[in-house]
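The structure appears right after this line, and notes come after that.
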Amino acid sequence: MISDSKQTSTLRDYLKVIFRHKYVVIVTFITIMISTFIGLELNTPIYEANIKILITAVKETEAPYYKEFFGGGSVTQTQSEIAISNPVIARVAMALRVYERSLDYEKKFASPLKSALLDFRIKKINSELEKLTPEQKRIFLFRKAIEELKANIEVEPLKGADILIITVRDFSPVGAAIIANAVSRSYVIFDLEQQVAELKLKYGEKYSTAIQLQNYIENLQKSLDGRPVSDIESIGPASVKIIEQAVVPLEPVKIINGPVAIVLAFFVSISLGIILAFGLEYLDQTFKSPQDAEGFLNIPLLGAIPKRKAKDTLLINDTKLITDYTQSYQNLSEQIYLLMKDKNLKSILITDAEASEETPAVIANLGIYLSHKAGHKALIIDANLRNPLIHRLFNVSNKSGLADVLEGKISFDDAIQNVDSTLFVLPAGDTIFNPSTILDSFKLSNVIKTAEENYEMVFVACADLKHFTDAVVLSSNVNNIVLVINEGKIRRQVVKSAIAPLEQKKANLIGVILNNRSFAIPKIIYKLT
């Protein structure tokens with residue numbers, strides 16, 4: 001757990017961080033797992049067929065411009081480019097009539113999710129095709145077929161040998177083998193055509209070798225349908241020779257192994273979720289535990305009040321009903337009573353640093369518990385003249401109160417309102433003057449003195465420390481101050497800055513109360529740790 005106090009972190013502290021940010025961990029886990037599942041669903045199985053071609057054979061004739069065109073590069077690099085050149089691939093597209101493939105060809109092999117996405121793409125392409133003439137449509141589909149073929153063909157020279165490996169990918173295993181064989185034969189035909197052209201230029205149209213090569217080309221063109229041919233036919237007279245034909249692949253290429261991907265995604269999602277949880281914990285500079293409040297502020301912790309559940313009312317009307325909420329007030333009340341008795345205190349100023357509407361409820365419940373349960377005669381003075389709330393909690397009138405007493409409009413006794421036989425309230429009242437000016441008057445000292453003489457315990461509520469100096473002004477008359485902090489609501493540095501004026505004035509900050517405390521770890525796990 002992240003804290004400015006010097007303490008040793010335990011397993012329970014780490015679990016608190018994880019459970020406190022459990023939704024971050026859960027959302028991260030769900031997001032990564034769903035993304036992985038979708039990624040696997042969008043991954044249509046692909047099959048690969050391979051061809052091996054020897055490129056060291058000597059040509060019948062060698063064209064000087066042919067070398068210049070490829071810049072005198074290495075033979076394997078030159079032949080790699082030729083193998084996937086437009087003339088070679090266009091011949092394959094024509095022979096196999098790939099351009100006549102349905103636009104939804106992939107849907108036959110894809111998952112339902114991928115098929116749904118393909119429908120959107122196909123719909124877009126069809127809308128574009130509708131704008132074209134029949135001839136333009138034919139040219140578009142033919143060019144599209146060539147580009148798709150080239151995108152699914154990879155030529156790689158075999159290291160240390162004059163051999164090219166041509167790899168063809170397709171959604172169909174049979175289709176992959178057919179296209180691979182057709183590409184290799186179209187490549188051989190292209191090589192032979194170059195030789196025939198050179199021989200005819202050099203020796204004439206009737207040159208016997210050129211005629212023989214032309215006949216071989218015509219026979220080889222008949223096998224562009226990708227059907228298997230004999231090894232003798234595949235080797236042939238060309239300077240590039242097919243030494244290994246493609247066969248139908250038995251298994252798809254596992255670019256992503258499904259089970260492995262799921263397992264990895266599981267561990268990655270959990271790890272990333274935990275990392276994000278600790279990252280958010282580090283960035284969250286609010287008070288998250290009693291140890292945070294006590295350690296960072298260096299003020300004794302008087303007690304912690306848990307978040308109210310649906311069954312808990314804001315005010316404790318029945319002190320005999322025991323819940324975690326009421327039990328916390330019992331413990332807090334006993335702690336404050338012992339503190340006041342030990343230090344001989346009669347009055348305590350209770351304030352906060354964030355203008356929380358829950359702080360008056362804390363004060364009210366302390367008064368209720370100490371008066372009803374412990375039987376002490378208690379008075380609550382609402383010195384928050386800016387936003388008085390105590391009278392609303394007890395459902396008493398605020399027409400006259402502390403402000404009127406300080407202005408001399410009414411006596412102290414007449415301003416007091418009974419809640420019951422042991423609990424009394426002095427509302428804030430109303431004033432047109434600056435609250436800081438009124439609270440700084442000498443009459444307030446007399447009010448506090450009179451209250452201490454007539455009541456066993458006096459609790460004073462005032463405006464927050466962050467926005468107003470009322471608490472600093474009141475500290476001259478009520479030097480015993482208790483600070484209420486709401487867990488997870490206000491940054492530690494803000495509270496530190498808010499209490500600085502009190503520390504400069506050497507006010508007596510006798511303790512801190514952590515309100516709205518949460519218990520992130522489930523009880524069953526908490527007990528085990």
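Labels used: A, B, ... for chains in the order of the structure tokens, numbers from 1 for residues in each chain, and numbers from 1 for ligands as shown.
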Within 10 Å of stretch 261-285 of chain A, which residues of stretch 412-528 of chain A show up? Give each one with its shortest atom-to-atom distance in Å (one decimal) and the two atoms involved, counting only C-alpha atoms, rows by chain then rising residue number, as CSV.
residue,atom,partner,partner_atom,distance
A:Gly488,CA,A:Asp284,CA,8.2
A:Lys489,CA,A:Gln285,CA,9.5
A:Ile490,CA,A:Gln285,CA,8.0
A:Arg491,CA,A:Gln285,CA,5.1
A:Arg492,CA,A:Gln285,CA,5.9
A:Gln493,CA,A:Gln285,CA,7.8
A:Val494,CA,A:Gln285,CA,9.6
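For stretch 161-191 of chain A, the set of residues given helix (DSSP H, G or I) by DSSP on the backbone reads Pro173, Val174, Gly175, Ala176, Ala177, Ile178, Ile179, Ala180, Asn181, Ala182, Val183, Ser184, Arg185, Ser186, Tyr187, Val188, Ile189, Phe190 and Asp191 of chain A.
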Contact check, stretch 13-61 of chain A to stretch 154-170 of chain A, at most 12 Å, counting only C-alpha atoms, closest pairs as JSON lines:
{"residue": "A:Thr44", "atom": "CA", "partner": "A:Asp170", "partner_atom": "CA", "distance": 10.1}
{"residue": "A:Pro45", "atom": "CA", "partner": "A:Asp170", "partner_atom": "CA", "distance": 8.8}
{"residue": "A:Ile46", "atom": "CA", "partner": "A:Asp170", "partner_atom": "CA", "distance": 5.6}
{"residue": "A:Tyr47", "atom": "CA", "partner": "A:Asp170", "partner_atom": "CA", "distance": 5.5}
{"residue": "A:Glu48", "atom": "CA", "partner": "A:Arg169", "partner_atom": "CA", "distance": 4.5}
{"residue": "A:Ala49", "atom": "CA", "partner": "A:Val168", "partner_atom": "CA", "distance": 5.4}
{"residue": "A:Asn50", "atom": "CA", "partner": "A:Thr167", "partner_atom": "CA", "distance": 4.6}
{"residue": "A:Ile51", "atom": "CA", "partner": "A:Ile166", "partner_atom": "CA", "distance": 5.0}
{"residue": "A:Lys52", "atom": "CA", "partner": "A:Ile165", "partner_atom": "CA", "distance": 4.7}
{"residue": "A:Ile53", "atom": "CA", "partner": "A:Leu164", "partner_atom": "CA", "distance": 5.1}
{"residue": "A:Leu54", "atom": "CA", "partner": "A:Ile163", "partner_atom": "CA", "distance": 4.6}
{"residue": "A:Ile55", "atom": "CA", "partner": "A:Asp162", "partner_atom": "CA", "distance": 5.7}
{"residue": "A:Thr56", "atom": "CA", "partner": "A:Asp162", "partner_atom": "CA", "distance": 6.0}
{"residue": "A:Ala57", "atom": "CA", "partner": "A:Asp162", "partner_atom": "CA", "distance": 9.6}
N, CA, C and O atoms of the current selection, written as a PDB file, in the first residue's frame:
ATOM      1  N   THR A  44      -9.142 -15.670 -40.317  1.00  0.00           N
ATOM      2  CA  THR A  44      -9.564 -16.763 -41.199  1.00  0.00           C
ATOM      3  C   THR A  44      -8.386 -17.705 -41.450  1.00  0.00           C
ATOM      4  O   THR A  44      -7.290 -17.241 -41.768  1.00  0.00           O
ATOM      5  N   PRO A  45      -8.583 -19.022 -41.309  1.00  0.00           N
ATOM      6  CA  PRO A  45      -7.479 -19.978 -41.553  1.00  0.00           C
ATOM      7  C   PRO A  45      -6.894 -19.818 -42.955  1.00  0.00           C
ATOM      8  O   PRO A  45      -7.630 -19.696 -43.932  1.00  0.00           O
ATOM      9  N   ILE A  46      -5.583 -19.821 -43.034  1.00  0.00           N
ATOM     10  CA  ILE A  46      -4.877 -19.653 -44.304  1.00  0.00           C
ATOM     11  C   ILE A  46      -3.945 -20.849 -44.514  1.00  0.00           C
ATOM     12  O   ILE A  46      -3.282 -21.309 -43.580  1.00  0.00           O
ATOM     13  N   TYR A  47      -3.929 -21.318 -45.757  1.00  0.00           N
ATOM     14  CA  TYR A  47      -3.060 -22.439 -46.112  1.00  0.00           C
ATOM     15  C   TYR A  47      -1.920 -21.932 -46.997  1.00  0.00           C
ATOM     16  O   TYR A  47      -2.110 -20.992 -47.783  1.00  0.00           O
ATOM     17  N   GLU A  48      -0.766 -22.555 -46.853  1.00  0.00           N
ATOM     18  CA  GLU A  48       0.402 -22.183 -47.645  1.00  0.00           C
ATOM     19  C   GLU A  48       0.894 -23.368 -48.464  1.00  0.00           C
ATOM     20  O   GLU A  48       0.986 -24.486 -47.955  1.00  0.00           O
ATOM     21  N   ALA A  49       1.195 -23.100 -49.749  1.00  0.00           N
ATOM     22  CA  ALA A  49       1.792 -24.109 -50.633  1.00  0.00           C
ATOM     23  C   ALA A  49       3.119 -23.566 -51.128  1.00  0.00           C
ATOM     24  O   ALA A  49       3.221 -22.365 -51.450  1.00  0.00           O
ATOM     25  N   ASN A  50       4.144 -24.420 -51.181  1.00  0.00           N
ATOM     26  CA  ASN A  50       5.488 -23.974 -51.542  1.00  0.00           C
ATOM     27  C   ASN A  50       5.982 -24.632 -52.830  1.00  0.00           C
ATOM     28  O   ASN A  50       5.675 -25.801 -53.101  1.00  0.00           O
ATOM     29  N   ILE A  51       6.747 -23.855 -53.573  1.00  0.00           N
ATOM     30  CA  ILE A  51       7.411 -24.319 -54.795  1.00  0.00           C
ATOM     31  C   ILE A  51       8.902 -23.999 -54.665  1.00  0.00           C
ATOM     32  O   ILE A  51       9.261 -22.924 -54.185  1.00  0.00           O
ATOM     33  N   LYS A  52       9.760 -24.933 -55.107  1.00  0.00           N
ATOM     34  CA  LYS A  52      11.190 -24.664 -55.139  1.00  0.00           C
ATOM     35  C   LYS A  52      11.652 -24.603 -56.590  1.00  0.00           C
ATOM     36  O   LYS A  52      11.344 -25.509 -57.372  1.00  0.00           O
ATOM     37  N   ILE A  53      12.388 -23.532 -56.915  1.00  0.00           N
ATOM     38  CA  ILE A  53      12.850 -23.318 -58.292  1.00  0.00           C
ATOM     39  C   ILE A  53      14.355 -23.090 -58.293  1.00  0.00           C
ATOM     40  O   ILE A  53      14.874 -22.261 -57.523  1.00  0.00           O
ATOM     41  N   LEU A  54      15.041 -23.818 -59.196  1.00  0.00           N
ATOM     42  CA  LEU A  54      16.476 -23.663 -59.386  1.00  0.00           C
ATOM     43  C   LEU A  54      16.716 -22.594 -60.441  1.00  0.00           C
ATOM     44  O   LEU A  54      16.086 -22.612 -61.505  1.00  0.00           O
ATOM     45  N   ILE A  55      17.621 -21.664 -60.179  1.00  0.00           N
ATOM     46  CA  ILE A  55      17.806 -20.549 -61.110  1.00  0.00           C
ATOM     47  C   ILE A  55      19.238 -20.455 -61.638  1.00  0.00           C
ATOM     48  O   ILE A  55      19.636 -19.415 -62.171  1.00  0.00           O
ATOM     49  N   THR A  56      20.006 -21.524 -61.583  1.00  0.00           N
ATOM     50  CA  THR A  56      21.402 -21.449 -62.030  1.00  0.00           C
ATOM     51  C   THR A  56      21.598 -21.921 -63.455  1.00  0.00           C
ATOM     52  O   THR A  56      22.711 -21.831 -63.993  1.00  0.00           O
ATOM     53  N   ALA A  57      20.581 -22.453 -64.092  1.00  0.00           N
ATOM     54  CA  ALA A  57      20.753 -22.948 -65.461  1.00  0.00           C
ATOM     55  C   ALA A  57      21.125 -21.816 -66.405  1.00  0.00           C
ATOM     56  O   ALA A  57      20.732 -20.666 -66.217  1.00  0.00           O
TER      57      ALA A  57
END
Run DSSP on the backbone and tell me which residues of stretch 109-294 of chain A come out as strand (DSSP E or B); list them as a PyMOL selection string. chain A and resi 153-157+163-170+241-244+253+286
Store the residues of this selection in a file with N, CA and C atoms, as a compact mmCIF listing (two decimals), in the first residue's frame.
# COMPACT_ATOMS: atom_id res chain seq x y z
N ILE A 153 1.57 -13.81 -52.38
CA ILE A 153 2.71 -14.57 -52.89
C ILE A 153 3.99 -13.99 -52.31
N GLU A 154 4.83 -14.84 -51.80
CA GLU A 154 6.10 -14.41 -51.22
C GLU A 154 7.22 -15.23 -51.85
N VAL A 155 8.26 -14.54 -52.34
CA VAL A 155 9.40 -15.20 -52.95
C VAL A 155 10.62 -14.95 -52.06
N GLU A 156 11.27 -16.02 -51.66
CA GLU A 156 12.41 -15.89 -50.76
C GLU A 156 13.57 -16.75 -51.26
N PRO A 157 14.72 -16.15 -51.52
CA PRO A 157 15.89 -16.94 -51.93
C PRO A 157 16.36 -17.83 -50.78
N ILE A 163 18.43 -21.13 -55.25
CA ILE A 163 17.08 -21.67 -55.25
C ILE A 163 16.12 -20.62 -54.70
N LEU A 164 14.99 -20.50 -55.38
CA LEU A 164 13.92 -19.62 -54.91
C LEU A 164 12.81 -20.47 -54.33
N ILE A 165 12.28 -20.03 -53.18
CA ILE A 165 11.11 -20.68 -52.60
C ILE A 165 9.92 -19.73 -52.78
N ILE A 166 8.95 -20.19 -53.57
CA ILE A 166 7.75 -19.39 -53.80
C ILE A 166 6.64 -19.92 -52.90
N THR A 167 6.13 -19.05 -52.04
CA THR A 167 5.07 -19.44 -51.10
C THR A 167 3.79 -18.73 -51.49
N VAL A 168 2.73 -19.49 -51.62
CA VAL A 168 1.42 -18.94 -52.00
C VAL A 168 0.44 -19.23 -50.87
N ARG A 169 -0.30 -18.21 -50.47
CA ARG A 169 -1.29 -18.35 -49.41
C ARG A 169 -2.69 -18.24 -49.99
N ASP A 170 -3.58 -19.06 -49.47
CA ASP A 170 -4.98 -19.00 -49.90
C ASP A 170 -5.85 -19.59 -48.79
N LYS A 241 14.21 -23.80 -63.29
CA LYS A 241 13.62 -25.13 -63.33
C LYS A 241 12.86 -25.41 -62.03
N ILE A 242 11.67 -25.96 -62.18
CA ILE A 242 10.86 -26.33 -61.02
C ILE A 242 11.40 -27.65 -60.48
N ILE A 243 12.00 -27.61 -59.32
CA ILE A 243 12.58 -28.84 -58.76
C ILE A 243 11.68 -29.45 -57.69
N GLU A 244 10.65 -28.71 -57.26
CA GLU A 244 9.70 -29.27 -56.30
C GLU A 244 8.36 -28.60 -56.50
N VAL A 253 -1.84 -22.54 -41.78
CA VAL A 253 -0.72 -21.89 -41.11
C VAL A 253 -1.24 -21.31 -39.80
N THR A 286 -5.13 10.55 -2.30
CA THR A 286 -6.10 10.75 -1.22
C THR A 286 -5.79 9.82 -0.06
If I take atom CA of A:Phe109 and atom CA of A:Arg97, how far is one from the other in Å, to one decimal? 19.9 Å
Neighbouring residues of A:Asp382 were defined as those with any atom within 12 Å, considering only C-alpha atoms; residues of the same chain fewer than 2 positions away were excluded. Please report them as JSON, numbers by chain. {"A": [349, 350, 351, 359, 360, 361, 363, 364, 379, 380, 384, 385, 386, 387, 388, 389, 390, 391, 392, 393, 394, 398, 400, 401, 402, 403, 415, 416, 417, 424, 425, 426, 427, 428, 429, 430, 439, 448, 458, 459, 460, 461, 462, 463, 474]}
Under the rule that only C-alpha atoms are counted, which of A:Leu192, A:Leu465, A:Ile146, A:Val229 is the nearest residue to A:Ile499? A:Leu465
Would you please work out which residue, of A:Ile510, A:Ala383, A:Val75, A:Ile26, is nearest to A:Ala471 when using only C-alpha atoms?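 Using only C-alpha atoms, A:Ala471 sits closest to A:Ala383.
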With only C-alpha atoms as the basis for distance, which of A:Ala197, A:Ala176, A:Val260, A:Ala83 is at the shortest distance from A:Gln245? A:Ala176
Fewer than 3 positions away in the same chain doesn't count, so skip those; otherwise give me all residues within 12 Å of stretch 210-225 of chain A, counting only C-alpha atoms, as number ranges by chain. A: 59-61, 88-98, 174-175, 177-207, 228-230, 232-239
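Of the listed residues A:Ala500, A:Met33, A:Leu117, A:Leu42, the one whose atoms come nearest to A:Ile256 is A:Leu42, with distances taken using only C-alpha atoms.
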Tell me which of A:Asp440, A:Glu130, A:Asp119, A:Glu357 sits closest to A:Asn477, counting only C-alpha atoms. A:Asp440
Quick one: of A:Gly39, A:Pro252, A:Pro290, A:Pro300, who's nearest to A:Asn508, counting only C-alpha atoms?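 Comparing A:Gly39, A:Pro252, A:Pro290, A:Pro300 against A:Asn508, the winner is A:Pro300.
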